[in-house]
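Engineer: So that you have it, the file is input27.pdb, and it contains PDB, C-alpha atoms:
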ATOM      1  CA  MET Q  17      -8.320  12.538  14.828
ATOM      2  CA  SER Q  18     -11.334  13.648  12.814
ATOM      3  CA  ASP Q  19     -14.771  12.047  12.894
ATOM      4  CA  THR Q  20     -14.591  10.465   9.429
ATOM      5  CA  PHE Q  21     -14.872   6.923   8.148
ATOM      6  CA  VAL Q  22     -11.302   6.908   6.925
ATOM      7  CA  ALA Q  23      -9.929   8.237  10.228
ATOM      8  CA  SER Q  24     -11.601   5.514  12.295
ATOM      9  CA  GLU Q  25     -10.622   2.851   9.783
ATOM     10  CA  LEU Q  26      -6.971   3.820   9.701
ATOM     11  CA  ALA Q  27      -6.892   3.871  13.515
ATOM     12  CA  SER Q  28      -8.073   0.232  13.582
ATOM     13  CA  GLN Q  29      -5.057  -1.044  11.641
ATOM     14  CA  PRO Q  30      -3.052  -2.569  14.523
ATOM     15  CA  GLU Q  31      -5.942  -4.885  15.378
ATOM     16  CA  THR Q  32      -6.817  -5.799  11.791
ATOM     17  CA  TRP Q  33      -3.150  -6.671  11.168
ATOM     18  CA  ARG Q  34      -3.140  -8.999  14.167
ATOM     19  CA  ALA Q  35      -6.430 -10.588  13.078
ATOM     20  CA  ALA Q  36      -5.079 -11.195   9.574
ATOM     21  CA  ALA Q  37      -1.885 -12.814  10.845
ATOM     22  CA  ARG Q  38      -3.928 -15.284  12.879
ATOM     23  CA  LEU Q  39      -5.670 -16.425   9.678
ATOM     24  CA  VAL Q  40      -2.532 -17.456   7.804
ATOM     25  CA  PRO Q  41      -2.594 -21.151   8.890
ATOM     26  CA  THR Q  42      -6.136 -21.413   7.520
ATOM     27  CA  PHE Q  43      -5.085 -20.444   3.992
ATOM     28  CA  LEU Q  44      -1.703 -22.097   3.509
ATOM     29  CA  ASP Q  45      -2.842 -24.029   0.416
ATOM     30  CA  SER Q  46      -3.947 -20.789  -1.264
ATOM     31  CA  LEU Q  47      -0.683 -18.965  -0.652
ATOM     32  CA  PRO Q  48       2.593 -19.171  -2.604
ATOM     33  CA  GLN Q  49       4.784 -22.157  -1.869
ATOM     34  CA  ALA Q  50       8.552 -21.863  -1.655
ATOM     35  CA  GLY Q  51      10.098 -21.980  -5.131
ATOM     36  CA  GLU Q  52       6.941 -21.091  -7.039
ATOM     37  CA  ARG Q  53       7.025 -18.413  -9.722
ATOM     38  CA  VAL Q  54       4.387 -15.953  -8.565
ATOM     39  CA  ALA Q  55       2.676 -12.899 -10.022
ATOM     40  CA  VAL Q  56       0.807 -10.513  -7.746
ATOM     41  CA  VAL Q  57      -1.754  -8.277  -9.435
ATOM     42  CA  GLY Q  58      -3.841  -5.316  -8.325
ATOM     43  CA  CYS Q  59      -5.055  -1.884  -9.374
ATOM     44  CA  GLY Q  60      -4.133   1.398  -7.726
ATOM     45  CA  THR Q  61      -3.442   0.863  -4.035
ATOM     46  CA  SER Q  62      -3.605  -2.919  -4.443
ATOM     47  CA  TRP Q  63      -0.905  -2.777  -7.112
ATOM     48  CA  PHE Q  64       1.407  -0.867  -4.779
ATOM     49  CA  ILE Q  65       0.815  -3.414  -2.017
ATOM     50  CA  ALA Q  66       1.624  -6.133  -4.567
ATOM     51  CA  MET Q  67       4.921  -4.364  -5.352
ATOM     52  CA  SER Q  68       5.948  -4.317  -1.711
ATOM     53  CA  TYR Q  69       5.105  -7.987  -1.177
ATOM     54  CA  ALA Q  70       6.827  -9.055  -4.387
ATOM     55  CA  VAL Q  71      10.112  -7.503  -3.288
ATOM     56  CA  ALA Q  72       9.810  -8.949   0.220
ATOM     57  CA  ARG Q  73       9.104 -12.486  -1.025
ATOM     58  CA  GLU Q  74      11.826 -12.520  -3.649
ATOM     59  CA  SER Q  75      14.333 -10.964  -1.222
ATOM     60  CA  ALA Q  76      13.568 -13.820   1.168
ATOM     61  CA  GLY Q  77      14.725 -16.291  -1.512
ATOM     62  CA  LEU Q  78      11.304 -17.888  -1.898
ATOM     63  CA  GLY Q  79      11.040 -17.581  -5.661
ATOM     64  CA  VAL Q  80      10.583 -15.186  -8.551
ATOM     65  CA  THR Q  81       7.802 -12.747  -7.661
ATOM     66  CA  ASP Q  82       6.520 -10.076 -10.031
ATOM     67  CA  ALA Q  83       3.901  -7.362  -9.482
ATOM     68  CA  PHE Q  84       1.633  -5.962 -12.188
ATOM     69  CA  ALA Q  85      -1.209  -3.519 -12.601
ATOM     70  CA  GLY Q  86      -4.345  -5.437 -13.503
ATOM     71  CA  SER Q  87      -4.417  -4.104 -17.062
ATOM     72  CA  GLU Q  88      -0.741  -4.898 -17.690
ATOM     73  CA  PHE Q  89      -0.440  -8.584 -16.790
ATOM     74  CA  PRO Q  90       1.765 -10.296 -19.427
ATOM     75  CA  ARG Q  91      -0.524 -12.953 -20.893
ATOM     76  CA  GLY Q  92       2.337 -14.835 -22.525
ATOM     77  CA  ARG Q  93       4.343 -15.371 -19.339
ATOM     78  CA  ASP Q  94       4.005 -18.514 -17.239
ATOM     79  CA  TYR Q  95       3.521 -18.426 -13.469
ATOM     80  CA  ASP Q  96       2.854 -21.204 -10.998
ATOM     81  CA  ARG Q  97       0.408 -19.005  -9.134
ATOM     82  CA  VAL Q  98      -1.276 -15.643  -9.636
ATOM     83  CA  ILE Q  99      -2.347 -13.704  -6.549
ATOM     84  CA  THR Q 100      -4.931 -10.983  -7.202
ATOM     85  CA  ILE Q 101      -5.877  -8.250  -4.732
ATOM     86  CA  SER Q 102      -9.200  -6.395  -4.865
ATOM     87  CA  ARG Q 103     -10.908  -4.879  -1.845
ATOM     88  CA  SER Q 104     -14.392  -5.018  -3.379
ATOM     89  CA  GLY Q 105     -13.869  -7.980  -5.690
ATOM     90  CA  THR Q 106     -15.566  -5.975  -8.427
ATOM     91  CA  THR Q 107     -12.555  -4.295 -10.059
ATOM     92  CA  THR Q 108     -13.050  -4.767 -13.791
ATOM     93  CA  GLU Q 109      -9.444  -5.552 -14.709
ATOM     94  CA  ILE Q 110      -9.139  -8.141 -11.930
ATOM     95  CA  VAL Q 111     -12.399  -9.905 -12.783
ATOM     96  CA  GLN Q 112     -11.439 -10.053 -16.460
ATOM     97  CA  LEU Q 113      -7.959 -11.357 -15.710
ATOM     98  CA  LEU Q 114      -9.292 -14.117 -13.471
ATOM     99  CA  GLU Q 115     -11.751 -15.118 -16.175
ATOM    100  CA  GLU Q 116      -8.920 -15.315 -18.717
ATOM    101  CA  LEU Q 117      -6.761 -17.366 -16.341
ATOM    102  CA  ASN Q 118      -9.470 -19.953 -15.791
ATOM    103  CA  GLY Q 119      -7.707 -23.253 -15.173
ATOM    104  CA  SER Q 120      -4.607 -21.597 -13.731
ATOM    105  CA  THR Q 121      -3.782 -21.504 -10.042
ATOM    106  CA  THR Q 122      -5.280 -18.203  -8.917
ATOM    107  CA  THR Q 123      -5.959 -16.722  -5.503
ATOM    108  CA  LEU Q 124      -8.036 -13.642  -4.739
ATOM    109  CA  ILE Q 125      -7.475 -11.601  -1.581
ATOM    110  CA  THR Q 126     -10.550  -9.478  -0.929
ATOM    111  CA  ALA Q 127     -12.809  -8.017   1.729
ATOM    112  CA  VAL Q 128     -15.939  -9.401   0.051
ATOM    113  CA  ALA Q 129     -16.198 -13.185  -0.109
ATOM    114  CA  ASP Q 130     -19.194 -13.347  -2.481
ATOM    115  CA  SER Q 131     -17.905 -10.891  -5.073
ATOM    116  CA  PRO Q 132     -17.690 -11.340  -8.875
ATOM    117  CA  ALA Q 133     -13.918 -11.864  -8.636
ATOM    118  CA  ALA Q 134     -14.376 -14.553  -5.991
ATOM    119  CA  ALA Q 135     -16.738 -16.378  -8.333
ATOM    120  CA  VAL Q 136     -13.959 -16.875 -10.901
ATOM    121  CA  ALA Q 137     -10.866 -17.237  -8.699
ATOM    122  CA  GLN Q 138      -9.694 -20.758  -7.905
ATOM    123  CA  SER Q 139      -9.467 -19.845  -4.211
ATOM    124  CA  THR Q 140     -10.444 -16.800  -2.177
ATOM    125  CA  ILE Q 141      -8.948 -15.345   0.982
ATOM    126  CA  ALA Q 142     -11.551 -13.067   2.553
ATOM    127  CA  LEU Q 143     -10.628 -10.408   5.107
ATOM    128  CA  PRO Q 144     -14.097  -8.925   5.812
ATOM    129  CA  PHE Q 145     -12.993  -7.345   9.093
ATOM    130  CA  ALA Q 146     -10.664  -5.108   7.065
ATOM    131  CA  ASP Q 147     -13.392  -3.834   4.725
ATOM    132  CA  GLU Q 148     -14.002  -0.098   4.615
ATOM    133  CA  ARG Q 149     -16.798   2.397   4.045
ATOM    134  CA  SER Q 150     -14.336   5.022   2.849
ATOM    135  CA  VAL Q 151     -13.362   5.454  -0.785
ATOM    136  CA  VAL Q 152      -9.642   5.760  -0.067
ATOM    137  CA  GLN Q 153      -8.091   2.515   1.121
ATOM    138  CA  THR Q 154      -6.147   2.346   4.343
ATOM    139  CA  ARG Q 155      -6.726  -0.715   6.495
ATOM    140  CA  PHE Q 156      -7.640  -3.227   3.774
ATOM    141  CA  ALA Q 157      -4.425  -2.529   1.897
ATOM    142  CA  THR Q 158      -2.133  -2.629   4.908
ATOM    143  CA  THR Q 159      -3.954  -5.614   6.404
ATOM    144  CA  THR Q 160      -3.452  -7.541   3.169
ATOM    145  CA  LEU Q 161       0.264  -6.785   3.273
ATOM    146  CA  ALA Q 162       0.459  -7.711   6.963
ATOM    147  CA  PHE Q 163      -1.242 -11.028   6.116
ATOM    148  CA  LEU Q 164       1.209 -11.744   3.305
ATOM    149  CA  ARG Q 165       4.184 -10.721   5.419
ATOM    150  CA  ALA Q 166       2.997 -12.998   8.218
ATOM    151  CA  HIS Q 167       3.149 -15.853   5.704
ATOM    152  CA  LEU Q 168       6.768 -14.846   5.021
ATOM    153  CA  GLY Q 169       7.494 -15.245   8.727
ATOM    154  CA  HIS Q 170       7.501 -11.574   9.687
ATOM    155  CA  ASP Q 171       6.502 -10.660  13.252
ATOM    156  CA  VAL Q 172       3.154  -8.961  12.722
ATOM    157  CA  ASP Q 173       2.600  -8.432  16.449
ATOM    158  CA  ALA Q 174       5.735  -6.283  16.460
ATOM    159  CA  LEU Q 175       4.503  -4.468  13.344
ATOM    160  CA  ALA Q 176       1.160  -3.789  15.048
ATOM    161  CA  GLU Q 177       2.948  -2.363  18.064
ATOM    162  CA  GLN Q 178       4.805   0.002  15.747
ATOM    163  CA  ALA Q 179       1.499   0.972  14.124
ATOM    164  CA  GLU Q 180       0.173   1.894  17.564
ATOM    165  CA  ILE Q 181       3.179   4.189  17.985
ATOM    166  CA  ALA Q 182       2.513   5.637  14.525
ATOM    167  CA  LEU Q 183      -1.034   6.561  15.554
ATOM    168  CA  GLY Q 184       0.341   8.868  18.241
ATOM    169  CA  LEU Q 185       3.237  10.584  16.500
ATOM    170  CA  PRO Q 186       2.874  14.356  16.011
ATOM    171  CA  ILE Q 187       2.072  15.537  12.480
ATOM    172  CA  ASP Q 188       0.723  19.073  12.991
ATOM    173  CA  ASP Q 189       4.098  20.616  12.182
ATOM    174  CA  LEU Q 190       3.978  19.013   8.713
ATOM    175  CA  LEU Q 191       0.601  20.333   7.601
ATOM    176  CA  ALA Q 192       1.844  23.726   6.374
ATOM    177  CA  ALA Q 193       3.931  22.107   3.643
ATOM    178  CA  GLU Q 194       3.194  22.967   0.009
ATOM    179  CA  GLN Q 195       4.494  19.689  -1.448
ATOM    180  CA  VAL Q 196       5.743  16.258  -0.332
ATOM    181  CA  THR Q 197       7.972  13.638  -1.940
ATOM    182  CA  PHE Q 198       8.065  10.122  -0.483
ATOM    183  CA  ILE Q 199      11.168   7.948  -0.847
ATOM    184  CA  GLY Q 200      12.079   4.403   0.164
ATOM    185  CA  ARG Q 201      14.188   1.383  -0.672
ATOM    186  CA  GLY Q 202      13.437  -2.279  -1.401
ATOM    187  CA  SER Q 203       9.966  -3.366  -0.343
ATOM    188  CA  ALA Q 204       9.247   0.182   0.855
ATOM    189  CA  ILE Q 205       9.251   1.570  -2.690
ATOM    190  CA  GLY Q 206       5.751   0.292  -3.407
ATOM    191  CA  LEU Q 207       4.611   1.861  -0.135
ATOM    192  CA  THR Q 208       6.003   5.244  -1.176
ATOM    193  CA  TYR Q 209       3.846   5.069  -4.306
ATOM    194  CA  GLU Q 210       0.875   4.309  -2.080
ATOM    195  CA  ALA Q 211       1.787   7.179   0.276
ATOM    196  CA  ALA Q 212       1.825   9.648  -2.598
ATOM    197  CA  LEU Q 213      -1.417   8.266  -4.017
ATOM    198  CA  LYS Q 214      -3.161   8.509  -0.647
ATOM    199  CA  THR Q 215      -2.077  12.120  -0.242
ATOM    200  CA  ARG Q 216      -3.275  13.008  -3.734
ATOM    201  CA  GLU Q 217      -6.581  11.167  -3.302
ATOM    202  CA  ALA Q 218      -7.544  12.456   0.123
ATOM    203  CA  ALA Q 219      -6.156  15.992  -0.033
ATOM    204  CA  GLN Q 220      -5.751  16.863  -3.742
ATOM    205  CA  PHE Q 221      -2.153  17.623  -2.793
ATOM    206  CA  TRP Q 222       1.032  17.618  -4.856
ATOM    207  CA  ALA Q 223       2.794  14.398  -3.834
ATOM    208  CA  GLU Q 224       5.493  12.405  -5.624
ATOM    209  CA  SER Q 225       7.372   9.179  -4.893
ATOM    210  CA  TYR Q 226      10.728   7.682  -5.920
ATOM    211  CA  PRO Q 227      13.230   4.985  -4.999
ATOM    212  CA  ALA Q 228      15.469   6.682  -2.449
ATOM    213  CA  MET Q 229      18.701   6.075  -4.334
ATOM    214  CA  ASP Q 230      17.171   7.432  -7.536
ATOM    215  CA  TYR Q 231      15.886  10.581  -5.866
ATOM    216  CA  ARG Q 232      19.231  12.322  -6.408
ATOM    217  CA  HIS Q 233      18.953  11.675 -10.166
ATOM    218  CA  GLY Q 234      16.673  14.614 -10.891
ATOM    219  CA  PRO Q 235      13.734  14.768  -8.454
ATOM    220  CA  ILE Q 236      15.789  16.505  -5.754
ATOM    221  CA  ALA Q 237      15.646  19.558  -8.024
ATOM    222  CA  ILE Q 238      12.143  20.381  -6.736
ATOM    223  CA  ALA Q 239      13.194  20.317  -3.056
ATOM    224  CA  GLN Q 240      13.063  23.775  -1.496
ATOM    225  CA  PRO Q 241      11.880  25.563   1.664
ATOM    226  CA  GLY Q 242       8.256  24.765   2.446
ATOM    227  CA  ARG Q 243       8.417  21.244   0.982
ATOM    228  CA  LEU Q 244       8.862  17.814   2.578
ATOM    229  CA  VAL Q 245      11.030  14.841   1.654
ATOM    230  CA  TRP Q 246       9.611  11.884   3.602
ATOM    231  CA  SER Q 247      11.481   8.599   3.917
ATOM    232  CA  LEU Q 248       9.637   5.348   4.633
ATOM    233  CA  GLY Q 249      12.317   3.235   6.271
ATOM    234  CA  PRO Q 250      16.003   4.132   6.607
ATOM    235  CA  SER Q 251      17.314   6.617   4.064
ATOM    236  CA  PRO Q 252      20.627   6.314   2.179
ATOM    237  CA  ARG Q 253      23.662   7.733   3.947
ATOM    238  CA  GLY Q 254      24.079  11.442   3.333
ATOM    239  CA  LEU Q 255      20.682  12.038   1.730
ATOM    240  CA  ALA Q 256      19.168  13.836   4.722
ATOM    241  CA  GLU Q 257      22.085  16.256   4.677
ATOM    242  CA  GLU Q 258      21.684  16.878   0.942
ATOM    243  CA  VAL Q 259      17.990  17.597   1.398
ATOM    244  CA  ALA Q 260      18.740  19.958   4.291
ATOM    245  CA  LEU Q 261      20.922  22.032   1.956
ATOM    246  CA  THR Q 262      17.883  22.635  -0.275
ATOM    247  CA  GLY Q 263      15.873  24.048   2.616
ATOM    248  CA  ALA Q 264      13.268  21.278   2.456
ATOM    249  CA  VAL Q 265      12.277  19.426   5.622
ATOM    250  CA  PHE Q 266      13.450  15.808   5.824
ATOM    251  CA  VAL Q 267      10.955  13.501   7.568
ATOM    252  CA  GLU Q 268      12.045  10.094   8.848
ATOM    253  CA  HIS Q 269      10.589   7.895  11.599
ATOM    254  CA  ASP Q 270      12.216   4.901  13.262
ATOM    255  CA  LEU Q 271       9.464   2.586  12.054
ATOM    256  CA  ASP Q 272       8.994  -0.300   9.658
ATOM    257  CA  PRO Q 273       7.781   1.252   6.379
ATOM    258  CA  LEU Q 274       4.367  -0.397   6.796
ATOM    259  CA  ALA Q 275       3.918   1.318  10.164
ATOM    260  CA  GLY Q 276       5.354   4.478   8.660
ATOM    261  CA  LEU Q 277       2.542   4.380   6.105
ATOM    262  CA  VAL Q 278       0.068   4.748   8.986
ATOM    263  CA  VAL Q 279       1.647   8.121   9.796
ATOM    264  CA  VAL Q 280       1.170   9.092   6.147
ATOM    265  CA  HIS Q 281      -2.499   8.054   6.308
ATOM    266  CA  ARG Q 282      -2.982  10.391   9.256
ATOM    267  CA  PHE Q 283      -1.123  13.156   7.441
ATOM    268  CA  ALA Q 284      -3.302  12.780   4.330
ATOM    269  CA  VAL Q 285      -6.549  12.935   6.316
ATOM    270  CA  ALA Q 286      -5.407  15.900   8.419
ATOM    271  CA  LEU Q 287      -4.177  17.696   5.323
ATOM    272  CA  ALA Q 288      -7.530  17.178   3.602
ATOM    273  CA  LEU Q 289      -9.389  18.646   6.559
ATOM    274  CA  ALA Q 290      -6.983  21.573   6.783
ATOM    275  CA  ARG Q 291      -7.702  22.296   3.111
ATOM    276  CA  GLY Q 292     -11.475  22.204   3.698
ATOM    277  CA  LEU Q 293     -11.957  18.862   1.939
ATOM    278  CA  ASP Q 294     -13.944  15.767   2.877
ATOM    279  CA  PRO Q 295     -11.509  12.801   2.902
ATOM    280  CA  ASP Q 296     -14.443  10.366   2.883
ATOM    281  CA  ASN Q 297     -15.602  11.718  -0.488
ATOM    282  CA  PRO Q 298     -12.536  12.489  -2.635
ATOM    283  CA  ARG Q 299     -13.055  14.273  -5.919
ATOM    284  CA  SER Q 300     -13.726  12.145  -9.019
ATOM    285  CA  LEU Q 301     -13.308   8.819  -7.184
ATOM    286  CA  THR Q 302     -15.566   5.918  -6.290
ATOM    287  CA  ARG Q 303     -15.023   3.032  -3.871
ATOM    288  CA  SER Q 304     -14.665   0.544  -6.720
ATOM    289  CA  VAL Q 305     -13.640   1.111 -10.329
ATOM    290  CA  ILE Q 306     -16.005  -0.752 -12.639
ATOM    291  CA  LEU Q 307     -15.432  -0.056 -16.320
ATOM    292  CA  SER Q 308     -18.171  -0.234 -18.920
TER     293      SER Q 308
END
What does this structure look like when you write it as structure tokens?
Structural biologist:
Amino acid sequence: MSDTFVASELASQPETWRAAARLVPTFLDSLPQAGERVAVVGCGTSWFIAMSYAVARESAGLGVTDAFAGSEFPRGRDYDRVITISRSGTTTEIVQLLEELNGSTTTLITAVADSPAAAVAQSTIALPFADERSVVQTRFATTTLAFLRAHLGHDVDALAEQAEIALGLPIDDLLAAEQVTFIGRGSAIGLTYEAALKTREAAQFWAESYPAMDYRHGPIAIAQPGRLVWSLGPSPRGLAEEVALTGAVFVEHDLDPLAGLVVVHRFAVALALARGLDPDNPRSLTRSVILS
């Protein structure tokens, strides 16, 4: 593993997940209650984490759960609770939305407890131990999802053990690829979007993402020798064989998609270094997006 901020931060994920899960009893009043209509809102990586949680909560039968990009929240729709996610607490769209929702039941999940977003949210869940120096998010995003999944009753200790396995899986044989497409199903779909984003951010690399069942409906046309099709979670029956016929390499690990994302983080960092790039300072990006 390289000596970069992002590499050390992504390697710390098993422990930050465990630490987050231990905090859940402290914040029960700030988290969605069974039966509530909930919106989960974020930008970029945080939006993709919101997608994954929304599917997991609704699939558990706990209530309608929608995920939105910060700029696209439907102002005319009623929710019992709005959960916002912002690592820095300075994201313009999140701060503005919380200001507009003043009087509503809002919760901010952040790494910075005294941020502008925290000043206008009804309640704040701070995970400072998951904060990062790097521009690209790894541990804050996954730690937030581990925290939310712990509230759903998922075994985060088992997830952390899988993440430890993910930190040791070989990836060198994947680094010669010229393109990668990530696929998943259910709550993993949001994580495939995050996987592709992380690869683009860190390595300026051609990466796409699709629901696994929809992949056959067009995107498989770009599969060819020298390219990867990477499944987060179990793939649909027969898809690996179809991809093999194209000459592309099919990548699938026996891991929960959240732990599988840790392998992708390592891939993105290693790919950046192999391409002569600095994954701590990705092109055209800053740690927080603040709009004028």
Engineer: Once the PyMOL selection byres ((chain Q and resi 22-35) around 6) has been evaluated on this model, what residues remain selected, and can you format them as a count of residues only?
Structural biologist: 12
Engineer: Of the residues Q:Leu113, Q:Thr81, Q:Gln220, Q:Ser46, which is the one nearest to Gln138 (chain Q), using all atoms listed in the file?
Structural biologist: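 Checking each candidate against Gln138 (chain Q), we get Q:Ser46 as the closest.
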Engineer: Hey, which of Q:Ala85, Q:Ile99, Q:Ala72, Q:Leu287 ends up closest to Val54 (chain Q)? Count only C-alpha atoms.
Structural biologist: Q:Ile99
Engineer: Rank Q:Leu161, Q:Ala256, Q:Leu261, Q:Ala239 by their smallest atom-to-atom distance to Leu175 (chain Q), using all atoms listed in the file, and report the top residue only.
Structural biologist: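 Closest to Leu175 (chain Q) of all the choices is Q:Leu161.
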Engineer: For Ala193 (chain Q), list every protein, DNA or RNA residue within 8 Å, evaluated using all atoms listed in the file, and leave out those in the same chain fewer than 4 positions away; present the list as a list in words.
Structural biologist: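 The residues satisfying every condition are Gly242, Arg243 and Leu244 of chain Q.
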Engineer: Of the residues Q:Leu44, Q:Tyr69, Q:Tyr231, Q:Glu116, which is the one nearest to Gly92 (chain Q), using only C-alpha atoms?
Structural biologist: Q:Glu116
Engineer: Just checking: using all atoms listed in the file, which residue out of Q:Ser104, Q:Ser68, Q:Thr140, Q:Thr262 ends up closest to Gly200 (chain Q)?
Structural biologist: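 For Gly200 (chain Q), the nearest of the given residues is Q:Ser68.
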Engineer: Under the PyMOL selection byres ((chain Q and resi 290) around 12), which residues of this model are included? Write them out as a ChimeraX atom specification.
Structural biologist: /Q:18,188,190-193,218-221,283-289,291-295
Engineer: Can you list, as a ChimeraX atom specification, the residues that the PyMOL selection byres ((chain Q and resi 109) around 10) selects here?
Structural biologist: /Q:57-59,85-89,102,106-108,110-115,133,305-307
Engineer: Between Q:Leu271, Q:Ile205, Q:Val245, Q:Leu255, which has the minimum distance to Pro227 (chain Q) (counting all atoms listed in the file)?
Structural biologist: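 Comparing Q:Leu271, Q:Ile205, Q:Val245, Q:Leu255 against Pro227 (chain Q), the winner is Q:Ile205.
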Engineer: Would you mind putting back all heavy atoms on region 87-94 of chain Q, then writing it out as a PDB file, keeping the file's coordinate frame?
Structural biologist:
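The resulting file, rebuild_9.pdb, is shown below:
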ATOM      1  N   SER Q  87      -4.305  -4.226 -15.604  1.00  0.00           N
ATOM      2  CA  SER Q  87      -4.417  -4.104 -17.062  1.00  0.00           C
ATOM      3  C   SER Q  87      -3.143  -4.493 -17.793  1.00  0.00           C
ATOM      4  O   SER Q  87      -3.143  -4.622 -19.019  1.00  0.00           O
ATOM      5  CB  SER Q  87      -4.770  -2.657 -17.419  1.00  0.00           C
ATOM      6  OG  SER Q  87      -3.742  -1.779 -16.967  1.00  0.00           O
ATOM      7  N   GLU Q  88      -2.043  -4.699 -17.055  1.00  0.00           N
ATOM      8  CA  GLU Q  88      -0.741  -4.898 -17.690  1.00  0.00           C
ATOM      9  C   GLU Q  88      -0.154  -6.282 -17.454  1.00  0.00           C
ATOM     10  O   GLU Q  88       1.035  -6.497 -17.700  1.00  0.00           O
ATOM     11  CB  GLU Q  88       0.246  -3.832 -17.176  1.00  0.00           C
ATOM     12  CG  GLU Q  88      -0.238  -2.408 -17.367  1.00  0.00           C
ATOM     13  CD  GLU Q  88      -0.603  -2.090 -18.806  1.00  0.00           C
ATOM     14  OE1 GLU Q  88       0.169  -2.488 -19.706  1.00  0.00           O
ATOM     15  OE2 GLU Q  88      -1.658  -1.460 -19.026  1.00  0.00           O
ATOM     16  N   PHE Q  89      -0.951  -7.234 -17.013  1.00  0.00           N
ATOM     17  CA  PHE Q  89      -0.440  -8.584 -16.790  1.00  0.00           C
ATOM     18  C   PHE Q  89       0.025  -9.186 -18.111  1.00  0.00           C
ATOM     19  O   PHE Q  89      -0.711  -9.164 -19.105  1.00  0.00           O
ATOM     20  CB  PHE Q  89      -1.528  -9.459 -16.173  1.00  0.00           C
ATOM     21  CG  PHE Q  89      -1.077 -10.866 -15.893  1.00  0.00           C
ATOM     22  CD1 PHE Q  89      -0.356 -11.152 -14.754  1.00  0.00           C
ATOM     23  CD2 PHE Q  89      -1.369 -11.896 -16.771  1.00  0.00           C
ATOM     24  CE1 PHE Q  89       0.063 -12.444 -14.473  1.00  0.00           C
ATOM     25  CE2 PHE Q  89      -0.955 -13.189 -16.515  1.00  0.00           C
ATOM     26  CZ  PHE Q  89      -0.236 -13.465 -15.365  1.00  0.00           C
ATOM     27  N   PRO Q  90       1.241  -9.738 -18.172  1.00  0.00           N
ATOM     28  CA  PRO Q  90       1.765 -10.296 -19.427  1.00  0.00           C
ATOM     29  C   PRO Q  90       1.158 -11.666 -19.717  1.00  0.00           C
ATOM     30  O   PRO Q  90       1.552 -12.670 -19.133  1.00  0.00           O
ATOM     31  CB  PRO Q  90       3.271 -10.395 -19.164  1.00  0.00           C
ATOM     32  CG  PRO Q  90       3.380 -10.561 -17.676  1.00  0.00           C
ATOM     33  CD  PRO Q  90       2.241  -9.801 -17.081  1.00  0.00           C
ATOM     34  N   ARG Q  91       0.221 -11.705 -20.623  1.00  0.00           N
ATOM     35  CA  ARG Q  91      -0.524 -12.953 -20.893  1.00  0.00           C
ATOM     36  C   ARG Q  91       0.366 -14.084 -21.373  1.00  0.00           C
ATOM     37  O   ARG Q  91       0.051 -15.249 -21.183  1.00  0.00           O
ATOM     38  CB  ARG Q  91      -1.616 -12.689 -21.915  1.00  0.00           C
ATOM     39  CG  ARG Q  91      -2.991 -12.330 -21.359  1.00  0.00           C
ATOM     40  CD  ARG Q  91      -2.999 -11.080 -20.526  1.00  0.00           C
ATOM     41  NE  ARG Q  91      -4.373 -10.713 -20.136  1.00  0.00           N
ATOM     42  CZ  ARG Q  91      -4.669  -9.635 -19.440  1.00  0.00           C
ATOM     43  NH1 ARG Q  91      -3.702  -8.808 -19.054  1.00  0.00           N
ATOM     44  NH2 ARG Q  91      -5.919  -9.359 -19.125  1.00  0.00           N
ATOM     45  N   GLY Q  92       1.494 -13.775 -21.982  1.00  0.00           N
ATOM     46  CA  GLY Q  92       2.337 -14.835 -22.525  1.00  0.00           C
ATOM     47  C   GLY Q  92       3.354 -15.384 -21.543  1.00  0.00           C
ATOM     48  O   GLY Q  92       4.168 -16.239 -21.918  1.00  0.00           O
ATOM     49  N   ARG Q  93       3.345 -14.938 -20.315  1.00  0.00           N
ATOM     50  CA  ARG Q  93       4.343 -15.371 -19.339  1.00  0.00           C
ATOM     51  C   ARG Q  93       3.738 -16.406 -18.395  1.00  0.00           C
ATOM     52  O   ARG Q  93       2.593 -16.274 -17.982  1.00  0.00           O
ATOM     53  CB  ARG Q  93       4.858 -14.168 -18.551  1.00  0.00           C
ATOM     54  CG  ARG Q  93       6.113 -14.459 -17.736  1.00  0.00           C
ATOM     55  CD  ARG Q  93       6.630 -13.215 -17.045  1.00  0.00           C
ATOM     56  NE  ARG Q  93       6.984 -12.157 -17.998  1.00  0.00           N
ATOM     57  CZ  ARG Q  93       7.433 -10.966 -17.633  1.00  0.00           C
ATOM     58  NH1 ARG Q  93       7.585 -10.665 -16.354  1.00  0.00           N
ATOM     59  NH2 ARG Q  93       7.747 -10.072 -18.559  1.00  0.00           N
ATOM     60  N   ASP Q  94       4.511 -17.432 -18.080  1.00  0.00           N
ATOM     61  CA  ASP Q  94       4.005 -18.514 -17.239  1.00  0.00           C
ATOM     62  C   ASP Q  94       4.338 -18.286 -15.767  1.00  0.00           C
ATOM     63  O   ASP Q  94       5.480 -17.951 -15.425  1.00  0.00           O
ATOM     64  CB  ASP Q  94       4.611 -19.858 -17.671  1.00  0.00           C
ATOM     65  CG  ASP Q  94       4.093 -20.321 -19.020  1.00  0.00           C
ATOM     66  OD1 ASP Q  94       2.944 -19.987 -19.357  1.00  0.00           O
ATOM     67  OD2 ASP Q  94       4.848 -21.003 -19.736  1.00  0.00           O
TER      68      ASP Q  94
END
